[in-house]
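Shown next: coords.tsv, given as TSV, C-alpha atoms.
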chain	number	residue	atom	x	y	z
A	1	MET	CA	40.00	55.39	25.77
A	2	PRO	CA	36.48	55.51	24.32
A	3	SER	CA	34.30	52.53	25.14
A	4	SER	CA	33.39	50.12	22.38
A	5	ASP	CA	29.73	49.94	21.39
A	6	LYS	CA	30.28	46.30	20.32
A	7	SER	CA	31.62	45.20	23.72
A	8	THR	CA	28.73	46.98	25.47
A	9	LYS	CA	26.22	45.20	23.28
A	10	ARG	CA	27.89	41.82	23.96
A	11	GLN	CA	27.61	42.38	27.73
A	12	ASP	CA	23.89	43.19	27.40
A	13	VAL	CA	23.06	39.98	25.52
A	14	GLN	CA	21.35	37.44	27.74
A	15	PRO	CA	21.72	33.71	27.07
A	16	VAL	CA	18.68	32.11	25.48
A	17	PRO	CA	17.13	29.61	27.91
A	18	VAL	CA	16.89	26.02	26.76
A	19	HIS	CA	13.41	24.66	27.36
A	20	PRO	CA	12.69	20.98	27.98
A	21	PRO	CA	11.11	19.15	25.05
A	22	ASP	CA	7.39	19.34	24.59
A	23	GLN	CA	5.98	16.39	26.49
A	24	ARG	CA	3.78	15.49	23.52
A	25	PHE	CA	6.92	14.55	21.60
A	26	ALA	CA	9.19	13.52	24.45
A	27	ARG	CA	8.61	9.81	23.89
A	28	GLN	CA	9.77	10.17	20.29
A	29	THR	CA	13.24	11.19	21.50
A	30	ASP	CA	13.47	8.39	24.05
A	31	PHE	CA	15.29	5.52	22.38
A	32	SER	CA	15.52	3.29	25.44
A	33	GLY	CA	12.58	1.20	24.26
A	34	ASP	CA	13.76	0.65	20.67
A	35	GLY	CA	15.37	-2.69	21.44
A	36	TRP	CA	12.05	-4.10	22.65
A	37	ARG	CA	10.22	-2.51	19.72
A	38	VAL	CA	12.27	-4.74	17.40
A	39	PHE	CA	10.61	-7.80	18.94
A	40	LYS	CA	7.17	-6.31	18.32
A	41	ILE	CA	8.09	-5.73	14.68
A	42	MET	CA	9.42	-9.28	14.40
A	43	ALA	CA	6.18	-10.64	15.88
A	44	GLU	CA	4.14	-8.85	13.22
A	45	PHE	CA	6.32	-10.35	10.48
A	46	VAL	CA	6.19	-13.86	11.93
A	47	ASN	CA	2.41	-13.74	12.40
A	48	GLY	CA	1.93	-12.48	8.84
A	49	PHE	CA	4.27	-15.07	7.31
A	50	GLU	CA	2.55	-17.90	9.15
A	51	LYS	CA	-0.95	-16.77	8.15
A	52	MET	CA	-0.02	-16.35	4.48
A	53	SER	CA	2.25	-19.35	4.00
A	54	GLU	CA	-0.51	-21.68	2.76
A	55	ILE	CA	-2.81	-19.24	0.95
A	56	GLY	CA	-1.55	-19.78	-2.60
A	57	PRO	CA	-1.73	-17.19	-5.41
A	58	ALA	CA	-3.30	-13.90	-4.37
A	59	VAL	CA	-4.05	-10.45	-5.76
A	60	SER	CA	-4.14	-7.22	-3.76
A	61	VAL	CA	-6.92	-4.72	-4.48
A	62	PHE	CA	-6.45	-1.09	-3.45
A	63	GLY	CA	-8.65	2.01	-3.55
A	64	SER	CA	-10.37	4.70	-1.57
A	65	THR	CA	-12.02	4.10	1.79
A	66	ARG	CA	-14.54	6.82	0.85
A	67	VAL	CA	-16.21	4.81	-1.90
A	68	VAL	CA	-19.71	3.64	-0.92
A	69	GLN	CA	-22.08	0.97	-2.19
A	70	GLY	CA	-23.74	2.26	-5.36
A	71	ASP	CA	-20.57	3.94	-6.64
A	72	ARG	CA	-19.07	2.61	-9.88
A	73	GLU	CA	-15.79	1.94	-8.09
A	74	TYR	CA	-17.54	-0.19	-5.47
A	75	ALA	CA	-19.21	-2.30	-8.17
A	76	LEU	CA	-15.90	-2.70	-10.05
A	77	ALA	CA	-14.08	-3.83	-6.90
A	78	GLU	CA	-16.85	-6.26	-5.95
A	79	GLU	CA	-16.84	-7.84	-9.41
A	80	MET	CA	-13.04	-7.96	-9.31
A	81	GLY	CA	-13.11	-9.85	-6.02
A	82	ARG	CA	-15.69	-12.27	-7.40
A	83	LEU	CA	-13.66	-13.03	-10.54
A	84	LEU	CA	-10.44	-13.43	-8.58
A	85	ALA	CA	-12.11	-16.07	-6.43
A	86	ALA	CA	-13.54	-17.81	-9.50
A	87	HIS	CA	-10.02	-18.11	-10.96
A	88	GLY	CA	-8.41	-19.43	-7.80
A	89	PHE	CA	-6.88	-16.19	-6.47
A	90	ALA	CA	-7.22	-15.02	-2.90
A	91	ALA	CA	-8.25	-11.36	-2.61
A	92	ILE	CA	-6.09	-9.26	-0.31
A	93	THR	CA	-7.15	-5.77	0.76
A	94	GLY	CA	-6.23	-3.25	3.41
A	95	GLY	CA	-9.12	-4.56	5.46
A	96	GLY	CA	-11.11	-1.34	5.72
A	97	PRO	CA	-14.24	0.13	4.12
A	98	GLY	CA	-14.88	1.38	0.58
A	99	VAL	CA	-13.06	-0.39	-2.26
A	100	MET	CA	-11.50	-2.81	0.21
A	101	GLU	CA	-14.87	-3.86	1.57
A	102	ALA	CA	-16.23	-4.36	-1.94
A	103	ALA	CA	-13.35	-6.59	-3.07
A	104	ASN	CA	-13.54	-8.68	0.12
A	105	LYS	CA	-17.30	-8.99	-0.30
A	106	GLY	CA	-17.03	-10.21	-3.88
A	107	ALA	CA	-14.34	-12.74	-3.01
A	108	GLN	CA	-16.06	-14.11	0.08
A	109	GLN	CA	-19.47	-14.45	-1.55
A	110	ALA	CA	-17.86	-16.32	-4.45
A	111	GLY	CA	-16.28	-18.79	-2.03
A	112	GLY	CA	-12.68	-17.57	-2.33
A	113	HIS	CA	-10.15	-16.59	0.32
A	114	SER	CA	-10.93	-13.06	1.58
A	115	ILE	CA	-7.93	-11.54	3.39
A	116	GLY	CA	-7.61	-8.21	5.20
A	117	PHE	CA	-4.39	-6.47	6.23
A	118	ASN	CA	-5.84	-3.89	8.58
A	119	ILE	CA	-3.80	-1.06	10.17
A	120	LYS	CA	-4.18	0.65	13.52
A	121	LEU	CA	-4.73	4.36	12.90
A	122	PRO	CA	-5.57	7.35	15.13
A	123	ASN	CA	-9.02	7.52	13.52
A	124	GLN	CA	-9.56	3.82	14.34
A	125	GLN	CA	-10.05	2.20	10.95
A	126	LYS	CA	-12.46	-0.69	11.46
A	127	SER	CA	-12.13	-3.90	9.53
A	128	ASN	CA	-14.96	-4.67	7.12
A	129	PRO	CA	-17.28	-7.64	7.79
A	130	PHE	CA	-16.40	-9.57	4.60
A	131	ILE	CA	-12.94	-10.78	5.66
A	132	ASP	CA	-12.58	-14.46	6.56
A	133	ARG	CA	-12.38	-14.58	10.34
A	134	ASP	CA	-9.07	-16.47	10.37
A	135	LYS	CA	-7.52	-14.23	7.70
A	136	LEU	CA	-7.67	-10.80	9.32
A	137	LEU	CA	-4.27	-9.41	10.31
A	138	THR	CA	-3.98	-6.08	12.09
A	139	PHE	CA	-0.67	-4.21	11.97
A	140	ASP	CA	0.85	-1.39	13.97
A	141	TYR	CA	3.51	-0.66	11.36
A	142	PHE	CA	2.82	0.41	7.80
A	143	PHE	CA	6.12	-0.95	6.54
A	144	VAL	CA	5.40	-4.47	7.84
A	145	ARG	CA	1.97	-4.33	6.19
A	146	LYS	CA	3.56	-3.26	2.89
A	147	VAL	CA	5.92	-6.22	2.96
A	148	MET	CA	2.93	-8.54	3.29
A	149	PHE	CA	1.15	-6.96	0.31
A	150	LEU	CA	4.25	-7.12	-1.87
A	151	LYS	CA	5.52	-10.54	-0.87
A	152	TYR	CA	2.32	-12.49	-1.38
A	153	SER	CA	0.61	-10.74	-4.31
A	154	GLN	CA	0.76	-11.95	-7.90
A	155	ALA	CA	-0.73	-8.63	-9.03
A	156	PHE	CA	-1.89	-5.25	-7.74
A	157	VAL	CA	-5.27	-3.98	-8.89
A	158	VAL	CA	-5.45	-0.27	-8.13
A	159	LEU	CA	-8.79	1.53	-8.19
A	160	PRO	CA	-9.20	5.30	-7.65
A	161	GLY	CA	-7.97	6.42	-4.25
A	162	GLY	CA	-5.95	8.94	-2.30
A	163	PHE	CA	-2.49	9.13	-0.74
A	164	GLY	CA	-2.57	5.60	0.66
A	165	THR	CA	-3.49	4.13	-2.71
A	166	MET	CA	-0.75	6.12	-4.44
A	167	ASP	CA	1.73	5.06	-1.76
A	168	GLU	CA	1.07	1.38	-2.44
A	169	PHE	CA	1.27	1.94	-6.20
A	170	PHE	CA	4.64	3.70	-6.07
A	171	GLU	CA	6.04	1.26	-3.51
A	172	ALA	CA	5.32	-1.60	-5.92
A	173	VAL	CA	6.64	0.03	-9.09
A	174	THR	CA	9.79	1.28	-7.32
A	175	LEU	CA	10.67	-2.20	-6.04
A	176	ILE	CA	10.02	-3.74	-9.45
A	177	GLN	CA	12.05	-1.05	-11.23
A	178	THR	CA	15.01	-1.50	-8.87
A	179	ARG	CA	14.70	-5.31	-9.07
A	180	LYS	CA	14.18	-5.66	-5.36
A	181	SER	CA	11.01	-7.53	-6.29
A	182	ALA	CA	10.07	-9.87	-9.10
A	183	ARG	CA	8.00	-8.26	-11.85
A	184	PHE	CA	4.25	-8.51	-11.45
A	185	PRO	CA	1.39	-6.69	-13.17
A	186	VAL	CA	0.09	-3.44	-11.68
A	187	ILE	CA	-3.32	-2.71	-13.16
A	188	LEU	CA	-5.02	0.69	-12.87
A	189	MET	CA	-8.82	0.44	-12.99
A	190	GLY	CA	-11.09	3.47	-13.40
A	191	GLY	CA	-9.75	4.93	-16.62
A	192	SER	CA	-10.94	8.52	-16.33
A	193	TYR	CA	-9.25	8.81	-12.92
A	194	TRP	CA	-5.89	7.45	-14.10
A	195	ASP	CA	-5.66	8.65	-17.72
A	196	GLY	CA	-3.93	11.95	-16.96
A	197	PHE	CA	-1.65	10.35	-14.39
A	198	TYR	CA	-0.54	7.62	-16.78
A	199	ARG	CA	-0.02	10.12	-19.63
A	200	TRP	CA	2.19	12.21	-17.34
A	201	MET	CA	4.32	9.16	-16.47
A	202	HIS	CA	4.52	8.15	-20.14
A	203	ASP	CA	4.98	11.54	-21.78
A	204	THR	CA	6.82	13.59	-19.14
A	205	MET	CA	8.65	11.17	-16.84
A	206	CYS	CA	9.62	8.73	-19.57
A	207	HIS	CA	9.85	10.39	-23.00
A	208	GLN	CA	10.37	14.08	-22.20
A	209	LYS	CA	12.63	13.85	-19.13
A	210	GLY	CA	13.97	10.31	-19.35
A	211	TYR	CA	13.66	9.80	-15.60
A	212	ILE	CA	12.23	6.33	-16.20
A	213	GLY	CA	12.58	3.95	-19.14
A	214	GLN	CA	9.89	2.44	-21.32
A	215	GLU	CA	10.55	-0.91	-19.65
A	216	ASP	CA	9.45	0.68	-16.35
A	217	LEU	CA	5.96	1.07	-17.81
A	218	ASP	CA	5.72	-2.36	-19.42
A	219	PHE	CA	4.16	-3.96	-16.32
A	220	ILE	CA	1.64	-1.13	-15.71
A	221	PHE	CA	-1.75	-1.53	-17.39
A	222	LEU	CA	-4.93	0.54	-17.70
A	223	GLU	CA	-8.00	-1.66	-17.86
A	224	ASP	CA	-11.60	-1.22	-16.70
A	225	ASP	CA	-12.98	-4.62	-17.70
A	226	PRO	CA	-12.58	-7.06	-14.75
A	227	GLY	CA	-12.51	-10.02	-17.16
A	228	LYS	CA	-9.62	-8.52	-19.10
A	229	VAL	CA	-7.81	-7.79	-15.82
A	230	ILE	CA	-7.94	-11.53	-15.12
A	231	ASP	CA	-6.55	-12.18	-18.62
A	232	ILE	CA	-3.64	-9.79	-17.95
A	233	ILE	CA	-2.79	-11.55	-14.68
A	234	LEU	CA	-3.03	-15.05	-16.14
A	235	GLY	CA	-0.98	-14.04	-19.20
A	236	PHE	CA	1.79	-12.59	-17.06
A	237	TYR	CA	2.71	-15.96	-15.54
A	238	PRO	CA	3.08	-18.58	-18.30
A	239	GLU	CA	5.46	-20.59	-16.11
A	240	GLY	CA	3.50	-20.42	-12.86
A	241	TYR	CA	3.49	-18.21	-9.79
A	242	CYS	CA	6.23	-17.48	-7.27
A	243	LEU	CA	6.78	-15.18	-4.30
A	244	ASN	CA	8.09	-11.75	-5.23
A	245	PHE	CA	11.05	-11.86	-2.83
Conversion result in structure tokens:
Amino acid sequence: MPSSDKSTKRQDVQPVPVHPPDQRFARQTDFSGDGWRVFKIMAEFVNGFEKMSEIGPAVSVFGSTRVVQGDREYALAEEMGRLLAAHGFAAITGGGPGVMEAANKGAQQAGGHSIGFNIKLPNQQKSNPFIDRDKLLTFDYFFVRKVMFLKYSQAFVVLPGGFGTMDEFFEAVTLIQTRKSARFPVILMGGSYWDGFYRWMHDTMCHQKGYIGQEDLDFIFLEDDPGKVIDIILGFYPEGYCLNF
């Protein structure tokens, strides 16, 4: 009987060795410490809730870390922080340089609460020097930090920025759209940076594709005048402020 080529080939196949996981990622597949990690997450929440419980109305200001003093965006953020303080709002930022530094600087120099929600990153983001010493919180977890921004802010003021800025913007509008959060104004400052983006949301997402409704844009504003930003925020709350969730 002639031999089968297929059976010969099967006998020649050697099993593929299974290598141990790369040690760089081994800790990511070790779940034995997850139970204890929950307590660390809880501690970040508790610390944040305690620090923010007596602050009062606040506005979060977002934007690029790469903005420097002398840039238009820096001046806008600094004036925004100053006006927020003058109208009784605490200024909350991500605690780092750039737009965040400018908003904290304006708020602190105007005598308002200047709050920083810093985050530990591989490139070691340093907190800026214009945060009130008792109001600097540093987080390990982005999602805990986001909860703090969303829970305690009466508005988001979003200046030009990168992925982090866009992440905070979309986090806010998604929670408002899905009614997981109370409605609050989200104000885009720096018109030339946001014009095309807003037109795309309005024309393509909303009217052409119908992926969002017009009501999903009703709380998003484009405004470059810091004074008018204050008017938008004050006009949004005729019955007073409340926590978002």
Would you kindly return, as a PDB file with C-alpha atoms, in the coordinates of the input, each protein, DNA or RNA residue with an atom no farther than 9 Å from any atom of A:Met80, considering all atoms listed in the file and excluding same-chain residues fewer than 5 positions away?
ATOM      1  CA  VAL A  61      -6.920  -4.720  -4.480  1.00  0.00           C
ATOM      2  CA  ALA A  75     -19.210  -2.300  -8.170  1.00  0.00           C
ATOM      3  CA  ALA A  85     -12.110 -16.070  -6.430  1.00  0.00           C
ATOM      4  CA  ALA A  91      -8.250 -11.360  -2.610  1.00  0.00           C
ATOM      5  CA  ALA A 102     -16.230  -4.360  -1.940  1.00  0.00           C
ATOM      6  CA  ALA A 103     -13.350  -6.590  -3.070  1.00  0.00           C
ATOM      7  CA  GLY A 106     -17.030 -10.210  -3.880  1.00  0.00           C
ATOM      8  CA  ALA A 107     -14.340 -12.740  -3.010  1.00  0.00           C
ATOM      9  CA  VAL A 157      -5.270  -3.980  -8.890  1.00  0.00           C
ATOM     10  CA  PRO A 226     -12.580  -7.060 -14.750  1.00  0.00           C
ATOM     11  CA  GLY A 227     -12.510 -10.020 -17.160  1.00  0.00           C
ATOM     12  CA  VAL A 229      -7.810  -7.790 -15.820  1.00  0.00           C
ATOM     13  CA  ILE A 230      -7.940 -11.530 -15.120  1.00  0.00           C
TER      14      ILE A 230
END
Counting all atoms listed in the file, what is within 10 Å of stretch 160-167 of chain A, bar same-chain residues fewer than 4 positions away, as a count of residues only?
21
Which residue gives the smallest distance to A:Ala182 among A:Leu136, A:Val158, A:Cys242, A:Val147, with only C-alpha atoms counted?
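The shortest atom-to-atom distance to A:Ala182 comes from A:Cys242.
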Give me the residues near A:Glu50 as an mmCIF file with C-alpha atoms, keeping the file's coordinate frame, where near means some atom within 12 Å (using only C-alpha atoms) and where sequence neighbours in that chain fewer than 3 positions away do not count.
data_model
loop_
_atom_site.group_PDB
_atom_site.id
_atom_site.type_symbol
_atom_site.label_atom_id
_atom_site.label_comp_id
_atom_site.auth_asym_id
_atom_site.auth_seq_id
_atom_site.Cartn_x
_atom_site.Cartn_y
_atom_site.Cartn_z
ATOM 1 C CA ALA A 43 6.180 -10.640 15.880
ATOM 2 C CA GLU A 44 4.140 -8.850 13.220
ATOM 3 C CA PHE A 45 6.320 -10.350 10.480
ATOM 4 C CA VAL A 46 6.190 -13.860 11.930
ATOM 5 C CA ASN A 47 2.410 -13.740 12.400
ATOM 6 C CA SER A 53 2.250 -19.350 4.000
ATOM 7 C CA GLU A 54 -0.510 -21.680 2.760
ATOM 8 C CA ILE A 55 -2.810 -19.240 0.950
ATOM 9 C CA ASP A 134 -9.070 -16.470 10.370
ATOM 10 C CA LYS A 135 -7.520 -14.230 7.700
ATOM 11 C CA LEU A 137 -4.270 -9.410 10.310
ATOM 12 C CA MET A 148 2.930 -8.540 3.290
ATOM 13 C CA TYR A 152 2.320 -12.490 -1.380
#
Pairwise distance for atom CA of A:Phe156 and atom CA of A:Pro185, rounded to one decimal in Å:
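Separation of atom CA of A:Phe156 and atom CA of A:Pro185: 6.5 Å.
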Rank A:Val68, A:Leu217, A:Leu175, A:Ala155 by their smallest atom-to-atom distance to A:Ile187, using all atoms listed in the file, and report the top residue only.
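The answer is A:Ala155, which sits nearest to A:Ile187.
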Between atom CA of A:Phe236 and atom CA of A:Met100, distance in Å (one decimal):
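Calculated distance between atom CA of A:Phe236 and atom CA of A:Met100 is 23.9 Å.
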Residue with the minimum atom-to-atom distance to A:Gln154, picked from A:Val38, A:Met52, A:Ala58, A:Leu121 with only C-alpha atoms counted, is A:Ala58
Enter the distance from atom CA of A:Phe89 to atom CA of A:Val59, in Å, rounded to one decimal.
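A separation of 6.4 Å between them.
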Out of A:Leu150, A:Ala77, A:Leu159, A:Met205, which residue has the shortest atom-to-atom distance to A:Leu243 when counting all atoms listed in the file?
A:Leu150
Can stretch 114-125 of chain A be brought up to N, CA and C atoms and written out as an mmCIF file, keeping the file's coordinate frame?
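Output contents, as saved in selection_13.cif:
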data_model
loop_
_atom_site.group_PDB
_atom_site.id
_atom_site.type_symbol
_atom_site.label_atom_id
_atom_site.label_comp_id
_atom_site.auth_asym_id
_atom_site.auth_seq_id
_atom_site.Cartn_x
_atom_site.Cartn_y
_atom_site.Cartn_z
ATOM 1 N N SER A 114 -10.758 -14.515 1.430
ATOM 2 C CA SER A 114 -10.930 -13.060 1.580
ATOM 3 C C SER A 114 -10.058 -12.601 2.740
ATOM 4 N N ILE A 115 -8.987 -11.865 2.419
ATOM 5 C CA ILE A 115 -7.930 -11.540 3.390
ATOM 6 C C ILE A 115 -7.908 -10.034 3.618
ATOM 7 N N GLY A 116 -7.707 -9.625 4.870
ATOM 8 C CA GLY A 116 -7.610 -8.210 5.200
ATOM 9 C C GLY A 116 -6.366 -7.906 5.997
ATOM 10 N N PHE A 117 -5.562 -6.971 5.501
ATOM 11 C CA PHE A 117 -4.390 -6.470 6.230
ATOM 12 C C PHE A 117 -4.764 -5.112 6.812
ATOM 13 N N ASN A 118 -5.382 -5.130 7.960
ATOM 14 C CA ASN A 118 -5.840 -3.890 8.580
ATOM 15 C C ASN A 118 -4.662 -3.158 9.231
ATOM 16 N N ILE A 119 -4.839 -1.870 9.532
ATOM 17 C CA ILE A 119 -3.800 -1.060 10.170
ATOM 18 C C ILE A 119 -4.416 -0.244 11.290
ATOM 19 N N LYS A 120 -3.716 -0.185 12.414
ATOM 20 C CA LYS A 120 -4.180 0.650 13.520
ATOM 21 C C LYS A 120 -3.849 2.109 13.227
ATOM 22 N N LEU A 121 -4.885 2.944 13.211
ATOM 23 C CA LEU A 121 -4.730 4.360 12.900
ATOM 24 C C LEU A 121 -5.380 5.211 13.988
ATOM 25 N N PRO A 122 -4.953 6.484 14.115
ATOM 26 C CA PRO A 122 -5.570 7.350 15.130
ATOM 27 C C PRO A 122 -7.081 7.486 14.970
ATOM 28 N N ASN A 123 -7.567 7.414 13.711
ATOM 29 C CA ASN A 123 -9.020 7.520 13.520
ATOM 30 C C ASN A 123 -9.720 6.161 13.581
ATOM 31 N N GLN A 124 -8.974 5.133 14.049
ATOM 32 C CA GLN A 124 -9.560 3.820 14.340
ATOM 33 C C GLN A 124 -10.251 3.201 13.132
ATOM 34 N N GLN A 125 -9.476 2.892 12.091
ATOM 35 C CA GLN A 125 -10.050 2.200 10.950
ATOM 36 C C GLN A 125 -10.594 0.843 11.394
#
